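Some notes on the structure that comes next.
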Amino acid sequence: MSGFGRLAGDYDGFIVDLWGVVHDGVRLYPGALDCLFRLRAAGKPVVFLSNAPRRPVGIASALAAMGVGRDLYAGIMSSGEAVYLGLRDRTGEFAGLGRRIYHLGPVRDRDVFEALPYEEVFDPAAADFILNTGPDDILGPQDPELYRPVLDAGLRAKIPMICANPDLEVIRDGRRIICAGLLAEFYKAEGGVVIQRGKPDAAIYVPTLAMLGILAERTLAVGDSLRTDIAGAKAAGVDSCWVLSGIHALHPENAPTEAAAHGVSPRAILAGFGW
């Protein structure tokens with residue numbers, strides 16, 4: 001299909017990924033802001049669903065700095081918010097966690113835990129669990145091997161890891177960088193216990209759909225990742241639109257075959273989130 005406008009009339013509301021669809025971590029993609037304005041004019045609500053390892057208030061501030069005003073969307077749900085709620089309410093897999101936390105990630109992600117009654121420690125051996133929000137600003141987001149000492153220390157201590165971003169990688173300003181999910185995959189492969197929140201888990205679509213206020217069958221999810229966005233929509237019973245502006249650098253003619261190889265069938269495949 002050539003543009004998102006042809007889809008818009010078939011649905012009442014939209015769940016839209018951010019990184020890889022609306023922006024690349026630095027700037028908006030061409031056409032994305034116009035698309036949001038047109039959906040608002042048509043009375044079609046949008047909720048952003050992101051695997052960002054931070055809470056919605058910080059995400060909203062970053063969007064505002066890029067020119068995406070609060071009037072263009074009905075709400076934000078994130079994997080970081082899901083982790084925050086799990087740490088706060090201590091239900092399900094979070095119920096048995098201790099109170100000593102080792103944070104693996106940058107300072108900007110600390111809102112996931114810093115207002116909660118946990119003690120931050122700076123040695124995994126002294127922690128009850130690792131909170132993984134991704135590569136930090138010291139070692140950087142290019143080489144996962146630099147994080148092996150911390151991960152090995154957690155494995156030796158036999159402590160679980162909370163992963164606040166299931167993404168393996170994203171494209172930031174044209175460069176491919178690693179995310180928390182890649183570090184979590186290493187931890188799991190070496191025998192570590194990983195508790196994860198976010199796409200593709202269907203559970204995160206429950207509060208997202210409630211925020212949107214639209215039935216799942218009248219909702220379309222838009223994302224750039226087959227593994228998280230499109231597979232997550234399928235698990236939640238929501239139609240999807242796959243855009244090729246993010247991590248999948250594919251020629252459009254090859255995209256249907258790639259989707260089929262991942263076991264998903266998006267309703268449409270577009271070059272980007274543009275009308």
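By order in the structure tokens, chains are A, B, ...; within a chain, residues start at 1; ligands start at 1, following the order shown.
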
Fill in: Polymer residues at most 6 Å from A:Gly198, only C-alpha atoms, same-chain spacing of 4 or more positions, as a list of chain:residue names
A:Asn51, A:Ser79, A:Ile204

Just write the chosen residues, N, CA and C atoms, as a PDB file, in the first residue's frame.
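The resulting file, selection-v1.pdb, is reproduced below:
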```pdb
ATOM      1  N   ASN A  51       8.249   0.197  23.801  1.00  0.00           N
ATOM      2  CA  ASN A  51       9.109  -0.617  24.661  1.00  0.00           C
ATOM      3  C   ASN A  51      10.200   0.220  25.313  1.00  0.00           C
ATOM      4  N   SER A  79       6.815  -0.199  28.273  1.00  0.00           N
ATOM      5  CA  SER A  79       7.337  -1.330  29.046  1.00  0.00           C
ATOM      6  C   SER A  79       7.911  -0.835  30.368  1.00  0.00           C
ATOM      7  N   ILE A 204       0.481  -6.394  27.824  1.00  0.00           N
ATOM      8  CA  ILE A 204       0.637  -4.938  27.824  1.00  0.00           C
ATOM      9  C   ILE A 204      -0.408  -4.254  26.933  1.00  0.00           C
TER      10      ILE A 204
END
```

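Comparing A:Glu145, A:Asp167, A:Asp201, A:Asp224 by their smallest distance to A:His23, the closest is A:Asp224 (using only C-alpha atoms).
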
Worksheet item: Can you list, as a PyMOL selection string, every residue of stretch 10-229 of chain A that DSSP puts in helix (DSSP H, G or I)?
Response: chain A and resi 32-41+56-66+70-72+79-89+92-94+107-112+124-126+144-157+180-189+202-212+216-218+226-229

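Proximity of A:Ala153, A:Val47, A:Ala249, A:Leu226 to A:Arg175, computed with only C-alpha atoms, is greatest for A:Ala249.
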
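As for atom CA of A:Ala65 and atom CA of A:Leu36, they are spaced 15.8 Å apart.
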
Fill in: Filtered DSSP result for stretch 25-251 of chain A, state strand (DSSP E or B), as a PyMOL selection string
chain A and resi 28+46-50+75-78+100-104+119-120+129-132+161-163+169-172+175-178+194-196+219-223+239-243

Worksheet item: Neighbours of A:Ala221 within 7 Å (only C-alpha atoms; same-chain residues fewer than 6 positions away dropped), as a ChimeraX atom specification?
Response: /A:14-16,233,238-241

Worksheet item: Of the residues A:Ala32, A:Val170, A:Ile159, A:Ala261, which is the one nearest to A:Leu72, using only C-alpha atoms?
Response: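 Answer, going by the shortest atom-to-atom distance: A:Ala32.
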
Worksheet item: What is the distance between atom CA of A:Gly13 and atom CA of A:Gly246, in Å to one decimal?
Response: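 Rounded to one decimal, the two atoms are 22.1 Å apart.
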
Practice prompt. Just the residues within 10 Å of A:Arg88, please, counting only C-alpha atoms, with nothing from its chain fewer than 3 positions along; format it as a PyMOL selection string.
Written response: chain A and resi 82-85+91+94-95+112-113+115-118

Output file for the residues above (C-alpha atoms, as a compact mmCIF listing (two decimals), in the first residue's frame):
```txt
# COMPACT_ATOMS: atom_id res chain seq x y z
CA ALA A 82 4.65 -1.85 33.20
CA VAL A 83 7.85 -2.59 35.14
CA TYR A 84 7.24 0.38 37.45
CA LEU A 85 3.75 -0.93 38.24
CA THR A 91 2.17 -8.92 42.15
CA PHE A 94 7.41 -9.44 41.13
CA ALA A 95 5.97 -10.72 44.42
CA VAL A 112 11.23 3.27 36.72
CA PHE A 113 12.28 2.67 40.33
CA ALA A 115 10.37 6.79 43.77
CA LEU A 116 9.74 3.28 45.12
CA PRO A 117 10.94 1.75 48.41
CA TYR A 118 14.00 -0.08 47.07
```

Discussion item. Under the rule that only C-alpha atoms are counted, which of A:Gly31, A:Gly223, A:Gly154, A:Gly67 is the nearest residue to A:Leu104?
Written reply: A:Gly154

Worksheet item: Can you tell me, as a VMD selection string, what residues are no more than 12 Å from A:Leu63 when counting only C-alpha atoms, ignoring any on the same chain fewer than 4 positions away?
Response: chain A and resid 18 to 19 22 to 28 33 48 56 to 59 67 to 73 76

Fill in: All residues 8 Å or closer to A:Asp136, only C-alpha atoms, same chain fewer than 4 positions away omitted, as a list in words
Leu104, Gly105, Pro106, Val107, Gly140 and Pro141 of chain A

Fill in: d(atom CA of A:Ala202, atom CA of A:Ala255) in Å
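Interatomic distance here is 23.7 Å.
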
Worksheet item: Which is closer to A:Gly3 than all the others in A:Ala157, A:Val206, A:Asp34, A:Thr219, using only C-alpha atoms?
Response: A:Asp34

Worksheet item: Near stretch 180-184 of chain A, within 6 Å and counting only C-alpha atoms, which residues show up once chain neighbours fewer than 3 positions away are dropped, as JSON, numbers by chain?
Response: {"A": [133, 134, 165, 166, 167, 168, 187]}

Residues of the last selection are to be written out with C-alpha atoms, as a PDB file, in the first residue's frame.
```
ATOM      1  CA  THR A 133      16.945  -0.830  31.252  1.00  0.00           C
ATOM      2  CA  GLY A 134      19.692  -1.181  28.652  1.00  0.00           C
ATOM      3  CA  ASN A 165      12.790  -3.140  27.292  1.00  0.00           C
ATOM      4  CA  PRO A 166      12.413  -6.370  25.282  1.00  0.00           C
ATOM      5  CA  ASP A 167      13.834  -4.777  22.111  1.00  0.00           C
ATOM      6  CA  LEU A 168      17.111  -6.245  20.895  1.00  0.00           C
ATOM      7  CA  TYR A 187      21.472 -13.599  30.651  1.00  0.00           C
TER       8      TYR A 187
END
```
